[in-house]
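Source file: entry-v4.txt (compact mmCIF, C-alpha atoms)
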```
# COMPACT_ATOMS: atom_id res chain seq x y z
CA MET A 1 146.27 100.61 119.43
CA GLN A 2 143.40 98.85 121.15
CA THR A 3 140.57 97.74 118.87
CA SER A 4 137.32 99.49 119.77
CA LEU A 5 134.04 97.65 120.14
CA LEU A 6 132.70 99.39 117.04
CA ASP A 7 135.79 98.27 115.12
CA LEU A 8 134.90 94.71 116.06
CA GLN A 9 131.37 95.25 114.81
CA ALA A 10 132.70 96.73 111.56
CA GLU A 11 134.99 93.73 110.99
CA ALA A 12 132.11 91.32 111.60
CA PHE A 13 129.88 93.32 109.27
CA SER A 14 132.52 93.22 106.55
CA SER A 15 132.98 89.46 106.94
CA GLY A 16 129.25 88.86 106.64
CA ALA A 17 129.06 91.06 103.53
CA ASP A 18 131.99 89.21 101.92
CA ARG A 19 130.29 85.87 102.48
CA GLY A 20 127.05 87.22 101.07
CA ALA A 21 128.89 88.35 97.95
CA ARG A 22 130.40 84.87 97.53
CA TYR A 23 126.93 83.37 97.81
CA LEU A 24 125.51 85.62 95.11
CA ARG A 25 128.34 84.73 92.73
CA THR A 26 127.41 81.03 92.95
CA LEU A 27 123.74 81.42 92.06
CA LYS A 28 124.02 81.44 88.29
CA GLU A 29 125.00 77.76 88.21
CA ARG A 30 124.02 76.26 91.56
CA GLN A 31 120.83 74.25 91.97
CA VAL A 32 117.77 76.33 92.76
CA ASN A 33 116.28 73.87 95.26
CA PRO A 34 117.80 73.67 98.78
CA ASP A 35 120.01 70.92 100.18
CA VAL A 36 118.48 70.21 103.60
CA HIS A 37 120.55 67.18 104.63
CA ARG A 38 122.71 69.03 107.16
CA LEU A 39 120.20 71.47 108.61
CA GLY A 40 120.27 69.66 111.96
CA ALA A 41 123.65 71.29 112.56
CA LEU A 42 121.87 74.64 112.83
CA ALA A 43 119.99 73.53 115.96
CA PRO A 44 122.64 72.23 118.40
CA ASP A 45 122.31 72.50 122.15
CA LEU A 46 122.88 76.09 123.16
CA PRO A 47 126.54 76.25 124.30
CA ASP A 48 127.51 77.42 127.76
CA ASN A 49 130.02 79.77 126.21
CA GLY A 50 129.21 81.70 123.07
CA LEU A 51 130.93 81.09 119.74
CA ASP A 52 132.98 83.78 118.06
CA VAL A 53 131.57 85.64 115.09
CA GLU A 54 133.65 83.86 112.45
CA ALA A 55 132.54 80.42 113.68
CA ILE A 56 128.90 81.51 113.51
CA LEU A 57 129.34 82.92 110.01
CA ASP A 58 131.16 79.75 108.92
CA LEU A 59 128.16 77.68 110.02
CA MET A 60 125.74 80.03 108.28
CA GLU A 61 127.75 80.15 105.06
CA THR A 62 128.17 76.40 104.72
CA VAL A 63 125.17 74.62 106.22
CA GLY A 64 122.84 77.62 106.12
CA GLY A 65 123.78 78.53 102.57
CA GLU A 66 123.17 74.98 101.36
CA GLY A 67 119.70 75.09 102.89
CA THR A 68 118.55 78.21 101.05
CA VAL A 69 116.24 78.25 98.06
CA ALA A 70 118.08 80.24 95.40
CA SER A 71 115.16 82.63 94.98
CA ALA A 72 117.60 85.44 94.22
CA ALA A 73 118.58 83.59 91.03
CA GLY A 74 117.04 84.18 87.62
CA ARG A 75 115.76 80.59 87.43
CA TYR A 76 113.33 80.90 90.34
CA PHE A 77 109.73 81.24 89.11
CA GLY A 78 107.70 80.54 92.25
CA TYR A 79 105.30 82.61 94.35
CA VAL A 80 106.12 86.02 92.79
CA ILE A 81 109.02 86.41 95.18
CA GLY A 82 111.41 88.40 93.00
CA GLY A 83 115.07 89.10 93.74
CA ALA A 84 116.90 92.17 94.99
CA LEU A 85 118.22 94.92 92.76
CA PRO A 86 121.88 95.81 93.36
CA ALA A 87 121.08 99.27 94.74
CA ALA A 88 118.39 97.91 97.04
CA SER A 89 120.65 95.11 98.26
CA ALA A 90 123.48 97.55 98.91
CA ALA A 91 121.10 99.85 100.75
CA ARG A 92 120.03 96.93 102.96
CA ALA A 93 123.66 96.39 103.95
CA LEU A 94 124.25 100.05 104.76
CA LEU A 95 120.95 100.32 106.62
CA SER A 96 121.96 97.33 108.75
CA ALA A 97 125.01 99.28 109.89
CA TRP A 98 122.98 102.41 110.53
CA ASP A 99 120.33 100.44 112.49
CA GLN A 100 117.83 103.29 112.34
CA THR A 101 114.30 103.17 113.67
CA ALA A 102 111.87 104.61 111.16
CA ASP A 103 110.63 107.81 112.71
CA ASP A 104 111.71 111.44 112.62
CA LEU A 105 113.20 111.48 116.11
CA THR A 106 115.47 108.46 115.73
CA GLY A 107 115.95 108.25 111.95
CA PRO A 108 115.32 111.58 110.22
CA SER A 109 117.25 110.73 107.05
CA VAL A 110 115.48 107.43 106.47
CA ILE A 111 112.12 109.10 107.01
CA ARG A 112 112.97 111.53 104.19
CA MET A 113 113.82 108.54 101.99
CA GLU A 114 110.54 106.77 102.82
CA GLU A 115 108.49 109.90 102.20
CA ALA A 116 110.21 110.41 98.86
CA ALA A 117 109.61 106.77 97.88
CA ILE A 118 105.90 107.04 98.70
CA SER A 119 105.55 110.21 96.64
CA TRP A 120 107.39 108.61 93.70
CA ILE A 121 105.15 105.54 93.82
CA ARG A 122 102.04 107.69 94.00
CA ASP A 123 103.28 109.44 90.85
CA LEU A 124 104.33 106.24 89.05
CA LEU A 125 100.95 104.60 89.70
CA ALA A 126 99.05 107.80 88.82
CA LEU A 127 97.15 107.78 92.10
CA PRO A 128 95.26 110.85 93.38
CA ALA A 129 97.44 113.71 94.64
CA GLU A 130 96.01 113.45 98.16
CA THR A 131 97.12 109.82 98.51
CA ASP A 132 99.58 108.98 101.27
CA GLY A 133 100.78 105.72 102.76
CA ALA A 134 103.03 103.73 105.04
CA PHE A 135 105.42 100.83 104.66
CA THR A 136 104.52 97.51 106.31
CA THR A 137 106.03 94.03 106.40
CA GLY A 138 104.08 92.94 103.33
CA ALA A 139 100.72 92.80 101.62
CA THR A 140 98.98 91.02 104.50
CA MET A 141 99.71 93.78 107.01
CA ALA A 142 99.12 96.47 104.37
CA ASN A 143 95.72 94.96 103.61
CA MET A 144 94.88 94.78 107.30
CA THR A 145 95.93 98.39 107.83
CA LEU A 146 93.64 99.59 105.05
CA LEU A 147 90.74 97.28 105.88
CA VAL A 148 90.75 98.57 109.46
CA THR A 149 90.80 102.09 108.04
CA ALA A 150 87.92 101.31 105.68
CA ARG A 151 85.97 99.61 108.48
CA ASP A 152 86.36 102.59 110.78
CA ALA A 153 85.54 105.13 108.07
CA LEU A 154 82.37 103.32 106.98
CA LEU A 155 81.22 102.85 110.57
CA ALA A 156 81.90 106.50 111.39
CA ARG A 157 79.72 107.54 108.46
CA LEU A 158 76.98 105.41 110.00
CA GLY A 159 77.37 107.15 113.38
CA HIS A 160 79.53 104.53 115.10
CA GLN A 161 82.76 106.28 116.03
CA ARG A 162 86.31 104.94 116.44
CA GLY A 163 86.94 103.85 119.98
CA ASP A 164 83.45 102.43 120.41
CA GLY A 165 84.66 98.96 119.43
CA LEU A 166 82.76 96.51 117.27
CA PHE A 167 80.19 95.47 119.87
CA GLY A 168 76.89 96.96 118.83
CA ALA A 169 78.35 98.35 115.63
CA PRO A 170 76.23 98.43 112.47
CA LYS A 171 76.88 95.41 110.25
CA LEU A 172 79.04 96.12 107.25
CA ARG A 173 78.81 94.31 103.93
CA ILE A 174 81.84 92.87 102.15
CA VAL A 175 81.67 92.29 98.40
CA ALA A 176 84.68 90.47 96.96
CA SER A 177 86.01 88.85 93.85
CA ALA A 178 85.57 85.08 93.94
CA GLU A 179 89.31 84.87 93.24
CA ILE A 180 90.55 87.45 95.74
CA HIS A 181 93.89 86.45 97.28
CA ALA A 182 93.83 84.44 100.51
CA THR A 183 95.90 87.06 102.35
CA VAL A 184 93.11 89.59 101.83
CA LEU A 185 90.66 87.22 103.50
CA LYS A 186 93.09 86.73 106.38
CA SER A 187 93.27 90.50 106.72
CA VAL A 188 89.48 90.71 106.74
CA ARG A 189 89.41 88.31 109.69
CA MET A 190 92.16 90.19 111.52
CA ALA A 191 90.14 93.38 111.07
CA GLY A 192 87.29 91.70 112.92
CA LEU A 193 84.94 91.70 109.94
CA GLY A 194 84.67 87.99 109.27
CA THR A 195 84.43 86.12 105.98
CA LYS A 196 81.30 84.02 106.51
CA ASP A 197 78.89 86.53 104.95
CA ILE A 198 81.04 87.81 102.08
CA GLU A 199 79.01 88.47 98.94
CA TRP A 200 81.10 86.76 96.27
CA VAL A 201 81.25 88.13 92.74
CA PRO A 202 81.99 85.55 90.01
CA THR A 203 84.94 85.99 87.67
CA ASP A 204 85.18 85.74 83.90
CA GLU A 205 87.29 83.32 81.86
CA GLU A 206 90.43 85.37 82.67
CA GLY A 207 89.87 85.59 86.42
CA ARG A 208 88.55 89.17 86.44
CA MET A 209 85.66 90.21 88.65
CA ARG A 210 82.47 90.47 86.58
CA ALA A 211 81.13 93.98 87.11
CA ASP A 212 77.80 92.93 85.58
CA SER A 213 77.34 90.51 88.50
CA LEU A 214 78.07 93.09 91.19
CA PRO A 215 75.21 93.33 93.72
CA GLU A 216 73.62 96.65 94.59
CA LEU A 217 76.05 98.60 96.73
CA ASP A 218 75.41 101.06 99.55
CA GLU A 219 77.26 103.17 102.10
CA ARG A 220 77.82 100.10 104.32
CA THR A 221 79.78 98.21 101.66
CA LEU A 222 83.47 97.41 101.36
CA VAL A 223 84.40 96.12 97.88
CA LEU A 224 87.56 94.00 97.54
CA ALA A 225 89.16 93.93 94.10
CA GLN A 226 92.58 92.94 92.82
CA ALA A 227 95.25 94.06 90.39
CA GLY A 228 96.94 90.84 89.33
CA ASN A 229 95.10 87.53 89.57
CA VAL A 230 97.49 85.11 91.23
CA CYS A 231 97.20 82.54 88.42
CA THR A 232 96.54 84.65 85.32
CA GLY A 233 97.79 88.11 86.27
CA ALA A 234 94.47 89.64 85.15
CA PHE A 235 93.12 92.94 86.51
CA ASP A 236 89.61 93.63 87.75
CA PRO A 237 87.55 96.30 85.88
CA PHE A 238 88.44 99.29 88.07
CA ASP A 239 86.74 101.90 85.92
CA GLU A 240 83.29 100.40 86.36
CA LEU A 241 83.90 99.24 89.92
CA GLY A 242 85.13 102.68 90.93
CA GLU A 243 82.12 104.42 89.43
CA ARG A 244 79.65 102.03 91.07
CA CYS A 245 81.33 102.48 94.45
CA ARG A 246 81.41 106.28 94.12
CA GLN A 247 77.71 106.46 93.35
CA ALA A 248 76.80 104.22 96.29
CA GLY A 249 79.24 105.66 98.83
CA ALA A 250 80.99 102.30 99.12
CA TRP A 251 84.72 101.86 99.77
CA LEU A 252 86.78 100.27 96.98
CA HIS A 253 89.97 98.52 98.08
CA VAL A 254 92.50 97.09 95.60
CA ASP A 255 95.00 94.37 96.48
CA GLY A 256 97.81 94.79 93.96
CA ALA A 257 100.82 93.26 95.70
CA PHE A 258 102.64 92.40 92.46
CA GLY A 259 100.25 93.54 89.73
CA LEU A 260 99.88 97.21 90.58
CA TRP A 261 103.34 97.83 89.09
CA ALA A 262 101.91 97.07 85.63
CA ARG A 263 100.42 100.57 85.82
CA THR A 264 103.95 101.90 85.10
CA SER A 265 104.08 100.26 81.66
CA PRO A 266 102.67 102.22 78.70
CA SER A 267 101.82 98.91 77.03
CA LEU A 268 100.05 97.35 80.04
CA ASN A 269 98.46 100.21 81.94
CA VAL A 270 95.29 100.37 79.83
CA ALA A 271 94.12 97.25 81.68
CA LEU A 272 94.31 99.23 84.94
CA SER A 273 92.20 102.14 83.69
CA GLY A 274 90.20 103.65 86.54
CA LEU A 275 92.57 102.43 89.25
CA GLU A 276 92.68 105.96 90.63
CA LYS A 277 88.97 105.72 91.50
CA ALA A 278 89.65 103.34 94.39
CA ASP A 279 89.94 104.45 98.02
CA SER A 280 92.93 102.31 98.99
CA TRP A 281 95.63 100.21 97.36
CA VAL A 282 98.21 97.63 98.46
CA VAL A 283 101.50 97.08 96.65
CA ASP A 284 104.72 95.26 97.57
CA SER A 285 108.21 96.49 96.81
CA HIS A 286 109.73 93.08 97.49
CA LYS A 287 107.85 91.47 94.61
CA THR A 288 107.86 93.24 91.23
CA LEU A 289 110.13 96.12 92.27
CA ASN A 290 112.76 93.66 93.59
CA THR A 291 113.73 95.10 96.96
CA PRO A 292 114.85 92.75 99.74
CA TYR A 293 112.17 91.29 101.99
CA ASP A 294 110.13 92.64 103.65
CA SER A 295 108.51 95.73 102.19
CA GLY A 296 104.78 96.19 101.67
CA LEU A 297 103.05 99.51 101.18
CA ALA A 298 99.57 100.61 102.23
CA MET A 299 98.31 103.58 100.15
CA CYS A 300 95.13 105.51 100.91
CA ARG A 301 93.45 108.47 99.24
CA HIS A 302 92.00 109.39 102.66
CA PRO A 303 95.17 109.69 104.79
CA GLU A 304 93.27 111.47 107.53
CA GLU A 305 91.09 108.35 107.94
CA MET A 306 94.19 106.16 107.92
CA GLN A 307 95.80 108.27 110.63
CA ALA A 308 92.62 108.34 112.70
CA SER A 309 92.62 104.52 112.73
CA MET A 310 96.36 103.95 113.18
CA ALA A 311 97.67 106.89 115.26
CA ILE A 312 99.32 105.87 118.50
CA GLY A 313 98.77 109.13 120.38
CA ALA A 314 101.50 108.80 123.00
CA ALA A 315 101.84 111.97 125.09
CA TYR A 316 105.64 111.97 124.84
CA LEU A 317 105.66 112.04 121.01
CA PRO A 318 105.76 115.53 119.44
CA GLU A 319 102.81 116.04 117.10
CA THR A 320 105.09 117.63 114.51
CA ALA A 321 107.48 114.65 114.24
CA ALA A 322 106.94 112.44 111.20
CA ASN A 323 106.25 108.91 112.38
CA PRO A 324 105.01 106.02 110.19
CA ALA A 325 103.39 104.55 113.33
CA MET A 326 100.67 107.13 112.74
CA ARG A 327 99.60 105.28 109.58
CA ALA A 328 100.53 101.63 110.22
CA PRO A 329 100.27 99.03 113.02
CA GLU A 330 103.92 98.93 114.08
CA PHE A 331 105.26 101.46 116.56
CA SER A 332 108.93 100.73 115.91
CA ARG A 333 110.41 99.05 112.86
CA SER A 334 113.36 99.03 110.52
CA ALA A 335 113.70 101.64 107.78
CA ARG A 336 112.51 99.25 105.07
CA GLY A 337 111.22 102.05 102.87
CA ALA A 338 114.76 103.31 102.29
CA GLU A 339 115.44 100.19 100.20
CA THR A 340 112.49 101.08 97.99
CA TRP A 341 113.92 104.59 97.71
CA ALA A 342 117.25 103.14 96.55
CA ALA A 343 115.58 100.77 94.07
CA LEU A 344 113.50 103.52 92.49
CA LEU A 345 116.41 105.93 92.36
CA SER A 346 118.55 103.31 90.61
CA LEU A 347 115.89 102.51 87.99
CA GLY A 348 114.22 105.82 87.35
CA ARG A 349 110.81 106.06 85.73
CA THR A 350 112.00 104.45 82.49
CA GLY A 351 113.82 101.63 84.25
CA VAL A 352 110.76 100.59 86.25
CA ALA A 353 108.66 100.40 83.08
CA GLU A 354 111.37 98.50 81.22
CA MET A 355 111.68 95.92 84.01
CA VAL A 356 107.90 95.44 84.13
CA ASP A 357 107.80 95.01 80.34
CA ARG A 358 110.67 92.52 80.52
CA PHE A 359 108.74 90.37 82.99
CA HIS A 360 105.74 90.45 80.68
CA GLY A 361 107.87 89.57 77.67
CA HIS A 362 109.37 86.55 79.43
CA ALA A 363 105.89 85.39 80.48
CA VAL A 364 104.58 85.71 76.91
CA ARG A 365 107.48 83.65 75.62
CA ILE A 366 107.06 80.99 78.34
CA ALA A 367 103.36 80.62 77.52
CA ARG A 368 104.16 80.29 73.81
CA ASP A 369 106.88 77.68 74.38
CA LEU A 370 104.72 75.65 76.77
CA ARG A 371 101.93 75.56 74.21
CA GLY A 372 104.50 74.33 71.72
CA LEU A 373 105.27 71.44 74.10
CA GLY A 374 101.61 70.41 74.22
CA PHE A 375 100.55 72.28 77.35
CA GLU A 376 97.43 74.39 77.53
CA VAL A 377 97.62 77.94 78.90
CA PRO A 378 93.90 78.71 79.30
CA HIS A 379 94.22 82.48 79.65
CA GLN A 380 95.80 85.53 78.06
CA VAL A 381 99.16 86.62 79.45
CA HIS A 382 98.08 89.79 81.21
CA PHE A 383 101.32 90.45 83.04
CA ASN A 384 103.86 88.04 84.56
CA GLN A 385 101.80 84.96 85.47
CA VAL A 386 101.42 81.77 83.45
CA PHE A 387 99.10 78.94 84.50
CA ALA A 388 99.61 75.77 82.43
CA THR A 389 98.08 72.31 82.37
CA LEU A 390 98.19 69.16 80.27
CA PRO A 391 94.74 68.82 78.72
CA ASP A 392 94.81 64.99 78.68
CA ASP A 393 96.80 64.40 81.86
CA GLU A 394 96.28 67.13 84.49
CA GLU A 395 97.56 64.84 87.24
CA ALA A 396 100.98 64.81 85.57
CA CYS A 397 101.44 68.52 86.24
CA ALA A 398 102.32 67.96 89.91
CA ARG A 399 104.89 65.35 88.90
CA ILE A 400 106.34 67.70 86.30
CA ALA A 401 106.71 70.49 88.86
CA GLU A 402 108.37 68.11 91.33
CA HIS A 403 110.70 66.78 88.63
CA VAL A 404 111.85 70.29 87.69
CA GLN A 405 112.29 71.27 91.34
CA SER A 406 114.38 68.20 92.15
CA SER A 407 116.53 68.73 89.04
CA GLY A 408 117.74 72.02 90.49
CA GLU A 409 117.47 73.67 87.06
CA ALA A 410 114.50 75.87 87.96
CA TRP A 411 111.73 76.17 90.52
CA PHE A 412 107.98 76.70 90.18
CA GLY A 413 105.02 75.21 92.00
CA GLN A 414 101.88 73.27 91.23
CA ALA A 415 98.58 75.14 91.26
CA SER A 416 94.90 74.81 90.49
CA TRP A 417 92.62 77.30 88.78
CA LYS A 418 88.91 77.10 87.97
CA GLY A 419 88.86 73.43 88.91
CA ARG A 420 91.84 72.48 86.75
CA LYS A 421 95.15 71.11 88.04
CA GLY A 422 98.37 72.47 86.65
CA PHE A 423 101.37 74.55 87.60
CA ARG A 424 102.05 78.27 87.82
CA ILE A 425 105.12 80.13 86.61
CA SER A 426 105.73 83.64 87.94
CA VAL A 427 108.29 85.93 86.34
CA SER A 428 109.41 88.58 88.81
CA ASN A 429 113.20 88.53 89.14
CA TRP A 430 115.21 91.42 87.73
CA SER A 431 118.10 89.05 86.90
CA THR A 432 116.05 86.60 84.79
CA ARG A 433 117.37 86.59 81.23
CA GLN A 434 116.60 84.64 78.06
CA ASP A 435 119.06 81.87 78.91
CA ASP A 436 117.26 81.35 82.24
CA VAL A 437 114.00 80.98 80.34
CA ASP A 438 115.75 78.56 77.93
CA ARG A 439 116.78 76.38 80.86
CA LEU A 440 113.30 76.53 82.39
CA VAL A 441 111.59 75.41 79.17
CA ALA A 442 114.15 72.68 78.59
CA ALA A 443 113.65 71.39 82.15
CA VAL A 444 109.87 71.30 81.65
CA GLU A 445 110.29 69.44 78.37
CA ARG A 446 112.53 66.81 80.00
CA ALA A 447 110.12 66.42 82.90
CA LYS A 448 107.14 65.99 80.57
CA ASP A 449 108.97 63.33 78.58
CA GLU A 450 109.86 61.39 81.71
CA VAL A 451 106.76 61.60 83.92
CA ALA A 452 103.74 62.32 81.71
CA VAL A 453 101.60 59.40 80.63
CA PRO A 454 101.65 59.12 76.79
CA ALA A 455 98.31 59.98 75.24
```

As a first step, turn the structure in this file into structure tokens.
Amino acid sequence: MQTSLLDLQAEAFSSGADRGARYLRTLKERQVNPDVHRLGALAPDLPDNGLDVEAILDLMETVGGEGTVASAAGRYFGYVIGGALPAASAARALLSAWDQTADDLTGPSVIRMEEAAISWIRDLLALPAETDGAFTTGATMANMTLLVTARDALLARLGHQRGDGLFGAPKLRIVASAEIHATVLKSVRMAGLGTKDIEWVPTDEEGRMRADSLPELDERTLVLAQAGNVCTGAFDPFDELGERCRQAGAWLHVDGAFGLWARTSPSLNVALSGLEKADSWVVDSHKTLNTPYDSGLAMCRHPEEMQASMAIGAAYLPETAANPAMRAPEFSRSARGAETWAALLSLGRTGVAEMVDRFHGHAVRIARDLRGLGFEVPHQVHFNQVFATLPDDEEACARIAEHVQSSGEAWFGQASWKGRKGFRISVSNWSTRQDDVDRLVAAVERAKDEVAVPA
């Protein structure tokens, strides 16, 4: 019987999945840092005649696999990247075979999954019932989506309607935490608002926005807050911020790419009291929830404003068809929200909270052990972030981070916070266990002994 073209695709798909499974089984003991010595082989001259699938996969598995950072492993503690839960990873594989575009006309089943995931997240985070959202590539695009929505809504309240452009528009004010994440500022620029005239609000000793230093707000103001300081994990005071914004008619936006998930933990959510008073929120699935990249989520309590800013309005699209392009920049995209659906369905409400608490527990232990080695952790452990420095030799922190990276035992990066040099450890991988933390702490201790200058 002649092999069909789809049979050939299925065989190739199976081969790629088998190689991926072999890769995952090596991660427990392989070095975390990449081996880049042979990467030149990935950029040969383009051949006149194409290679067969197996030859391409061979090259990817050997040279390409060597050149990966083992961020899926439990010993990766950099950049709040996280790993991929088994259900989410399996869903990614199946979705690749389906190859569905995320809208009701070309992917009705995946749209149902995305809608369910959004409703579950709204419930888990205890956001207002009217809240709706859309999946994006990540926090940067989610922030931009919501900042454009906020911009348009504030301008419309001032009499400047959507479609009029920004020329001649009333000037809006932006009030932001002095430690707001850089991707939020990039999103501000992409939204055409500019960062030159931002009214910065100082932060306290934990990195939280000081509500007592907030300027007078008005109906022209967009306030940028965060759930999860990138170095300390701290949360801004949403209760007071939300009340001040409500009274003034200002728009409160919360960037919570990794930290918003702390709202699911009974032991951590008190620090996010008042979160529901905001107008918009950003959260990533591919960080704390551990879905494959990329999967951001823009959530807004004014979905009609979001749709007014994002709707595409093509005449050939039925108004009744569900289409995420009505609430996000992309017109066509993969069904990334289905991976979030699979992750949440595999964990359940209790499982999400338990994973969040486990991250926090690891971070608390890491901070304690680092202090025992002579490091200073100049903040409380609010969630999953630990910033550490050597009080008498801050310059050694970069060398310590490089030493640990090059050892292959673990990976984290150098950082600076409030004028101090150090390194930052982020705990966000579902597969991180106590023995991974043991190896991390031991690697830091060895590095300190070898590269720090004795006091």

Quick one: everything within 12 Å of Leu166 (chain A), counting only C-alpha atoms, minus sequence neighbours fewer than 6 positions away in the same chain. Send it as a count of residues only. 11

Find the nearest atom pair between each residue of region 91-192 of chain A and region 331-335 of chain A for residues within 8 Å, count all atoms listed in the file, give distances in Å to one decimal, sort rows by chain and ascending number, and present the table as CSV.
```
residue,atom,partner,partner_atom,distance
A:Leu95,CA,A:Ala335,CA,7.5
A:Asp99,CA,A:Ser334,CA,7.4
A:Gln100,CA,A:Ala335,CA,6.4
A:Thr101,CA,A:Ser334,CA,5.3
A:Ala102,CA,A:Ala335,CA,4.9
A:Asp103,CA,A:Ser332,CA,8.0
A:Val110,CA,A:Ala335,CA,6.2
A:Ile111,CA,A:Ala335,CA,7.7
A:Glu114,CA,A:Ala335,CA,7.8
```

Polymer residues at most 10 Å from Ala353 (chain A), all atoms listed in the file, same-chain spacing of 5 or more positions, as an NGL selection string: :A and (124 or 261-268 or 347-348 or 358)

Need the shell around Asp35 (chain A): protein/DNA/RNA residues with any atom at most 7 Å away, counting only C-alpha atoms. Skip same-chain ones fewer than 2 positions apart. Format as number ranges by chain? A: 33, 37, 66-67

Nearest-residue call for Ser426 (chain A), choices A:Arg349, A:His362, A:Arg220, A:His286, using all atoms listed in the file: A:His362

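A straight line drawn from CA of Gly133 (chain A) to CA of Cys245 (chain A) is 21.4 Å long.
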
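Nearest to His181 (chain A) of all the residues A:Thr137, A:Thr149, A:Thr62, A:Asn229 is A:Asn229, based on all atoms listed in the file.
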
Gln405 (chain A) surroundings by all atoms listed in the file, 8 Å radius, close-in-sequence under 5 positions cut, as a PDB file with C-alpha atoms, keeping the file's coordinate frame:
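Final file, around_4.pdb:
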```pdb
ATOM      1  CA  VAL A  32     117.770  76.330  92.760  1.00  0.00           C
ATOM      2  CA  ASN A  33     116.280  73.870  95.260  1.00  0.00           C
ATOM      3  CA  ALA A 410     114.500  75.870  87.960  1.00  0.00           C
ATOM      4  CA  TRP A 411     111.730  76.170  90.520  1.00  0.00           C
ATOM      5  CA  PHE A 412     107.980  76.700  90.180  1.00  0.00           C
TER       6      PHE A 412
END
```

Exercise: Leu252 (chain A) partners within 8 Å, all atoms listed in the file, chain neighbours under 6 positions left out, as a ChimeraX atom specification: /A:222-225,241-242,245,278-280

Hey, can you spit out that residue selection with C-alpha atoms as a compact mmCIF listing (two decimals), in the frame of the given file?
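To be explicit, this is the file written out as again.txt:
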```
# COMPACT_ATOMS: atom_id res chain seq x y z
CA LEU A 222 83.47 97.41 101.36
CA VAL A 223 84.40 96.12 97.88
CA LEU A 224 87.56 94.00 97.54
CA ALA A 225 89.16 93.93 94.10
CA LEU A 241 83.90 99.24 89.92
CA GLY A 242 85.13 102.68 90.93
CA CYS A 245 81.33 102.48 94.45
CA ALA A 278 89.65 103.34 94.39
CA ASP A 279 89.94 104.45 98.02
CA SER A 280 92.93 102.31 98.99
```

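Between CA of Leu260 (chain A) and CA of Met355 (chain A) there is a distance of 13.6 Å.
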
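If you look at CA of Thr288 (chain A) and CA of Arg336 (chain A), they are 15.8 Å away from each other.
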
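Taking all atoms listed in the file into account, Ala87 (chain A) lies nearest to A:Ala343 out of the set A:Ile121, A:Ala343, A:Val69, A:Leu51.
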
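Among the candidates A:Thr203, A:Thr68, A:Gln380, A:Ser428, the residue lying nearest to Ser285 (chain A) is A:Ser428 (atoms considered: all atoms listed in the file).
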
In terms of the shortest atom-to-atom distance over all atoms listed in the file, which of A:Ser109, A:Thr131, A:Ser295, A:Ser177 is closest to Pro237 (chain A)? A:Ser177

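For the choices A:Ala257, A:Ala150, A:Met306, A:Ala84, the atom-to-atom distance to Asp132 (chain A) is smallest for A:Met306 when using only C-alpha atoms.
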
Rebuild N, CA and C atoms on region 47-58 of chain A, as a compact mmCIF listing (two decimals), in the frame of the given file?
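Result file result.txt:
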```txt
# COMPACT_ATOMS: atom_id res chain seq x y z
N PRO A 47 125.30 76.43 123.53
CA PRO A 47 126.54 76.25 124.30
C PRO A 47 126.56 77.09 125.56
N ASP A 48 127.33 76.63 126.54
CA ASP A 48 127.51 77.42 127.76
C ASP A 48 128.25 78.71 127.46
N ASN A 49 129.24 78.60 126.59
CA ASN A 49 130.02 79.77 126.21
C ASN A 49 129.77 80.07 124.74
N GLY A 50 129.56 81.32 124.43
CA GLY A 50 129.21 81.70 123.07
C GLY A 50 130.32 81.49 122.07
N LEU A 51 129.96 81.25 120.82
CA LEU A 51 130.93 81.09 119.74
C LEU A 51 131.38 82.47 119.25
N ASP A 52 132.56 82.51 118.63
CA ASP A 52 132.98 83.78 118.06
C ASP A 52 132.25 84.02 116.74
N VAL A 53 132.33 85.24 116.26
CA VAL A 53 131.57 85.64 115.09
C VAL A 53 131.94 84.81 113.87
N GLU A 54 133.22 84.58 113.64
CA GLU A 54 133.65 83.86 112.45
C GLU A 54 133.12 82.43 112.45
N ALA A 55 133.08 81.78 113.61
CA ALA A 55 132.54 80.42 113.68
C ALA A 55 131.05 80.41 113.34
N ILE A 56 130.34 81.42 113.81
CA ILE A 56 128.90 81.51 113.51
C ILE A 56 128.69 81.74 112.02
N LEU A 57 129.48 82.65 111.44
CA LEU A 57 129.34 82.92 110.01
C LEU A 57 129.76 81.72 109.17
N ASP A 58 130.76 80.97 109.64
CA ASP A 58 131.16 79.75 108.92
C ASP A 58 129.98 78.78 108.84
```
